[in-house]
Every structure is written in C-alpha cells, then in structure tokens.
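Peer 1: Got a structure for you, questions after.
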Amino acid sequence: MMDNSPFCGAVMEYICRRCDTSEVLVTAGYDIVCVIGGSCRFVECGVEHELFENDAYIFGTGSHVINTRVGTSGTFQEIIIHIDKDMLFGRMRHSSREQERFEGAILKGISSNISIEELASICCLSASTFKRRFRERYSSSPHKWFLGCRLDIAAMMLRHADIPTRHIASLCGFINVSHFIATFKRRFGTTPSHMARQRE
C-alpha cells in the first residue's frame with residue numbers, strides 16, 4: 001500500500017509477510033526502513049546490521065538484500081519511507097563533501113531523535129552555523145522541521161497501516177507516548193487513535 005505525504009514527496013509502503021524470507025530493496029534516493037514486527041539482517045559496506053522491532057535504518061541508493069526473521073508462524077511487518085532526494089535537497093551550492101555531510105545530517109535528524117549539536121558535528125560545523133544554514137535552506141529551525149517530518153510520517157502510518165500508537169511513537173522518535181499524542185493533536189487537530197479509526 002502506498003501513500004503520498006506532504007513531506008518532501010515522500011511515499012510510504014507498508015509490507016506484511018509471513019515466515020522468514022529474503023527480499024531485495026532497490027532504492028533510487030533514500031529509503032527509511034522501519035521494522036514493525038520481527039527482525040531483519042542486511043550487509044552494507046561490508047558491515048552486517050540487524051534491526052529489531054521499532055528500529056529504523058536509512059538505505060542509500062542501490063540494491064540491498066534484506067533477510068527477515070520471524071520463524072515459521074510469525075509475521076514480518078515493515079514500513080518503507082521512500083524519500084525523493086531531489087525534493088529533499090534540491091540543488092545545493094556546496095562541495096560534494098559538504099553536501100554529503102549535510103544530507104547525512106538531515107536524514108539522521110528525520111529518522112532519529114538526535115541533538116542539534118550531534119547533527120552539526122556530522123557536518124563539521126558549530127551548532128549556530130548549522131542552524132543558520134539549515135534555516136537558509138528550509139526556512140525553519142531544525143527542531144521544528146524534523147518534528148514536522150516525523151509527525152507527517154506518523155500520520156501516513158496511522159492512515160494506512162494497522163500499527164499500535166506506541167510503536168508509531170517509538171519509530172518516529174518519541175520516547176513518551178503521551179507527548180507524542182499531545183504533539184500530534186497540536187499539528188493535526190485530532191488524536192492518533194481518531195485518525196487511525198478513519199483508516200481506509
């Protein structure tokens with residue numbers, strides 16, 4: 001099932017399959033894989049990774065083999081957020097190395113609850129310089145922009161996938177479910193549970 005989001009042309013895909021299997025994920029830009037149930041393993045740049053329930057990972061451009069683990073009677077569920085790289089970053093006037101660092105920081109900020117200082121460090125910038133450059137690019141503070149992205153992703157999940165609110169909160173970087181519900185309601189004017197009840 002696919003769903004368009006207001007966030008940078010992102011599209012969500014909800015996948016549910018039974019038993020252990022091996023799948024190939026082909027990415028054209030950046031894909032955030034969020035594990036809902038079960039676990040999976042993959043190798044990237046010679047390093048083996050394992051994701052468990054409520055983990056998320058960003059895959060870069062290319063072909064990736066994902067081995068899922070749920071046993072003979074389990075169900076593996078995942079959300080894949082397909083991100084339009086051109087819409088997210090556009091034409092940036094930086095050297096290739098600077099752009100690579102900035103892109104890495106932006107993706108890290110979308111997929112995890114990371115501090116501004118850590119994001120600035122990824123870019124080899126001071127926190128104040130990073131915030132200034134971020135505002136020049138996105139006309140918003142990093143905190144507000146990342147929060148909006150994560151809430152848009154949460155709304156996509158609620159509208160099109162049968163996932164408990166606590167899992168969605170965790171996948172979108174909220175440690176406290178009550179805080180997630182209150183923040184979600186301020187943005188969308190409704191609670192996560194009410195939006196889920198309107199699912200197609």
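Residue numbers start at 1 in each chain; chains themselves are named A, B, ... in the order of the structure tokens; ligands are numbered from 1 in the order shown.
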Please identify which residues in segment 67-159 of chain A DSSP calls strand (DSSP E or B) from the backbone, and express them as a ChimeraX atom specification.
Peer 2: /A:67-69,75-83
Peer 1: Please produce a file of the residues just selected, as a short mmCIF file (atom, residue, chain, number, x, y, z; two decimals), in the first residue's frame, where the atoms kept are C-alpha atoms.
Peer 2:
data_model
loop_
_atom_site.label_atom_id
_atom_site.label_comp_id
_atom_site.auth_asym_id
_atom_site.auth_seq_id
_atom_site.Cartn_x
_atom_site.Cartn_y
_atom_site.Cartn_z
CA ASN A 67 16.88 -11.21 5.31
CA THR A 68 13.86 -11.28 7.61
CA ARG A 69 13.48 -13.42 10.72
CA THR A 75 4.68 -12.21 10.52
CA PHE A 76 7.29 -9.70 9.44
CA GLN A 77 6.00 -6.16 9.09
CA GLU A 78 7.87 -3.10 7.91
CA ILE A 79 7.27 0.43 6.78
CA ILE A 80 9.45 1.82 3.98
CA ILE A 81 9.51 5.59 3.58
CA HIS A 82 10.68 6.34 0.02
CA ILE A 83 12.26 9.79 0.03
#
Peer 1: Residues of segment 44-122 of chain A that approach segment 174-179 of chain A to 12 Å or less, counting only C-alpha atoms: could you list each one with the shortest pair of atoms and its distance in Å to one decimal, rows by chain and increasing residue number, as a tab-separated table?
Peer 2:
residue	atom	partner	partner_atom	distance
A:Asn54	CA	A:Phe174	CA	11.2
A:Ser111	CA	A:Phe174	CA	11.0
A:Ser112	CA	A:Phe174	CA	9.1
A:Asn113	CA	A:Phe174	CA	7.6
A:Ile114	CA	A:Phe174	CA	11.2
Peer 1: Keeping only C-alpha atoms, write the selected residues as a PDB file, in the first residue's frame.
Peer 2:
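Writing done, so here's again.pdb:
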ATOM      1  CA  ASN A  54      10.808  -0.399  16.439  1.00  0.00           C
ATOM      2  CA  SER A 111      14.940   9.113  11.338  1.00  0.00           C
ATOM      3  CA  SER A 112      16.128   9.584  14.930  1.00  0.00           C
ATOM      4  CA  ASN A 113      15.815  11.923  17.878  1.00  0.00           C
ATOM      5  CA  ILE A 114      19.330  13.372  17.684  1.00  0.00           C
TER       6      ILE A 114
END
Peer 1: Excluding Ile163 of chain A and residues on its chain fewer than 3 positions from it, collect all residues at most 12 Å away from it, counting only C-alpha atoms, and give them as a PyMOL selection string.
Peer 2: chain A and resi 14-16+34-37+53-54+77-79+154-160+166-171+192-193+196-197+199
Peer 1: Restrict the selected residues to N, CA and C atoms and save them as a CSV table (one decimal), in the first residue's frame.
Peer 2:
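The resulting file, again.csv, is reproduced below:
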chain,number,residue,atom,x,y,z
A,14,TYR,N,3.8,-0.1,3.1
A,14,TYR,CA,3.6,-1.0,4.2
A,14,TYR,C,3.6,-2.4,3.7
A,15,ILE,N,4.5,-3.2,4.3
A,15,ILE,CA,4.7,-4.6,3.8
A,15,ILE,C,4.5,-5.5,5.0
A,16,CYS,N,3.7,-6.6,4.7
A,16,CYS,CA,3.4,-7.6,5.8
A,16,CYS,C,3.6,-8.9,5.1
A,34,CYS,N,11.5,1.0,8.6
A,34,CYS,CA,11.1,0.9,9.9
A,34,CYS,C,10.5,-0.5,10.2
A,35,VAL,N,11.1,-1.2,11.1
A,35,VAL,CA,10.7,-2.6,11.5
A,35,VAL,C,9.5,-2.5,12.5
A,36,ILE,N,8.4,-3.1,12.1
A,36,ILE,CA,7.2,-3.1,12.9
A,36,ILE,C,7.1,-4.4,13.8
A,37,GLY,N,7.4,-5.5,13.1
A,37,GLY,CA,7.4,-6.8,13.8
A,37,GLY,C,8.5,-7.7,13.2
A,53,GLU,N,12.3,-5.0,16.2
A,53,GLU,CA,11.0,-4.2,16.3
A,53,GLU,C,11.3,-2.8,16.8
A,54,ASN,N,10.7,-1.8,16.1
A,54,ASN,CA,10.8,-0.4,16.4
A,54,ASN,C,12.2,0.2,16.1
A,77,GLN,N,6.6,-7.4,9.5
A,77,GLN,CA,6.0,-6.2,9.1
A,77,GLN,C,7.0,-5.0,9.0
A,78,GLU,N,7.0,-4.2,8.0
A,78,GLU,CA,7.9,-3.1,7.9
A,78,GLU,C,7.2,-2.0,7.2
A,79,ILE,N,7.7,-0.8,7.5
A,79,ILE,CA,7.3,0.4,6.8
A,79,ILE,C,8.5,0.9,6.0
A,154,ALA,N,4.3,9.7,10.8
A,154,ALA,CA,3.4,9.1,11.8
A,154,ALA,C,1.9,9.1,11.2
A,155,ALA,N,1.5,10.2,10.6
A,155,ALA,CA,0.2,10.3,10.1
A,155,ALA,C,0.0,9.3,8.9
A,156,MET,N,1.0,9.2,8.1
A,156,MET,CA,1.0,8.2,7.0
A,156,MET,C,0.8,6.8,7.5
A,157,MET,N,1.5,6.4,8.6
A,157,MET,CA,1.4,5.1,9.2
A,157,MET,C,0.0,4.9,9.7
A,158,LEU,N,-0.6,5.9,10.4
A,158,LEU,CA,-1.9,5.7,11.0
A,158,LEU,C,-3.0,5.6,10.0
A,159,ARG,N,-2.8,6.3,8.9
A,159,ARG,CA,-3.9,6.2,7.9
A,159,ARG,C,-3.9,4.9,7.1
A,160,HIS,N,-2.8,4.3,7.0
A,160,HIS,CA,-2.7,3.1,6.0
A,160,HIS,C,-2.1,1.8,6.6
A,166,ARG,N,1.8,3.2,20.2
A,166,ARG,CA,3.1,3.2,20.9
A,166,ARG,C,4.2,2.8,20.0
A,167,HIS,N,4.0,1.9,19.0
A,167,HIS,CA,5.0,1.6,18.0
A,167,HIS,C,5.3,2.8,17.1
A,168,ILE,N,4.3,3.4,16.6
A,168,ILE,CA,4.5,4.6,15.8
A,168,ILE,C,5.2,5.7,16.5
A,169,ALA,N,4.8,5.9,17.7
A,169,ALA,CA,5.5,6.9,18.5
A,169,ALA,C,7.0,6.6,18.6
A,170,SER,N,7.3,5.4,18.9
A,170,SER,CA,8.7,5.0,19.0
A,170,SER,C,9.5,5.1,17.7
A,171,LEU,N,8.9,4.6,16.6
A,171,LEU,CA,9.5,4.7,15.3
A,171,LEU,C,9.8,6.1,14.9
A,192,PRO,N,-4.1,10.6,17.4
A,192,PRO,CA,-3.7,9.4,16.6
A,192,PRO,C,-4.7,8.3,16.5
A,193,SER,N,-5.4,8.0,17.6
A,193,SER,CA,-6.4,7.0,17.6
A,193,SER,C,-7.6,7.4,16.7
A,196,ALA,N,-6.6,6.9,13.1
A,196,ALA,CA,-6.5,5.5,12.8
A,196,ALA,C,-7.9,5.0,12.5
A,197,ARG,N,-8.9,5.4,13.3
A,197,ARG,CA,-10.3,4.9,13.1
A,197,ARG,C,-10.8,5.3,11.7
A,199,ARG,N,-9.2,5.1,9.0
A,199,ARG,CA,-8.3,4.4,8.0
A,199,ARG,C,-9.2,3.8,6.9
Peer 1: Return as an MDAnalysis selection string the full set of residues in segment 43-165 of chain A whose backbone-based DSSP assignment is alpha helix (DSSP H).
Peer 2: chainID A and resid 85:89 96:111 116:122 127:138 142:160 165
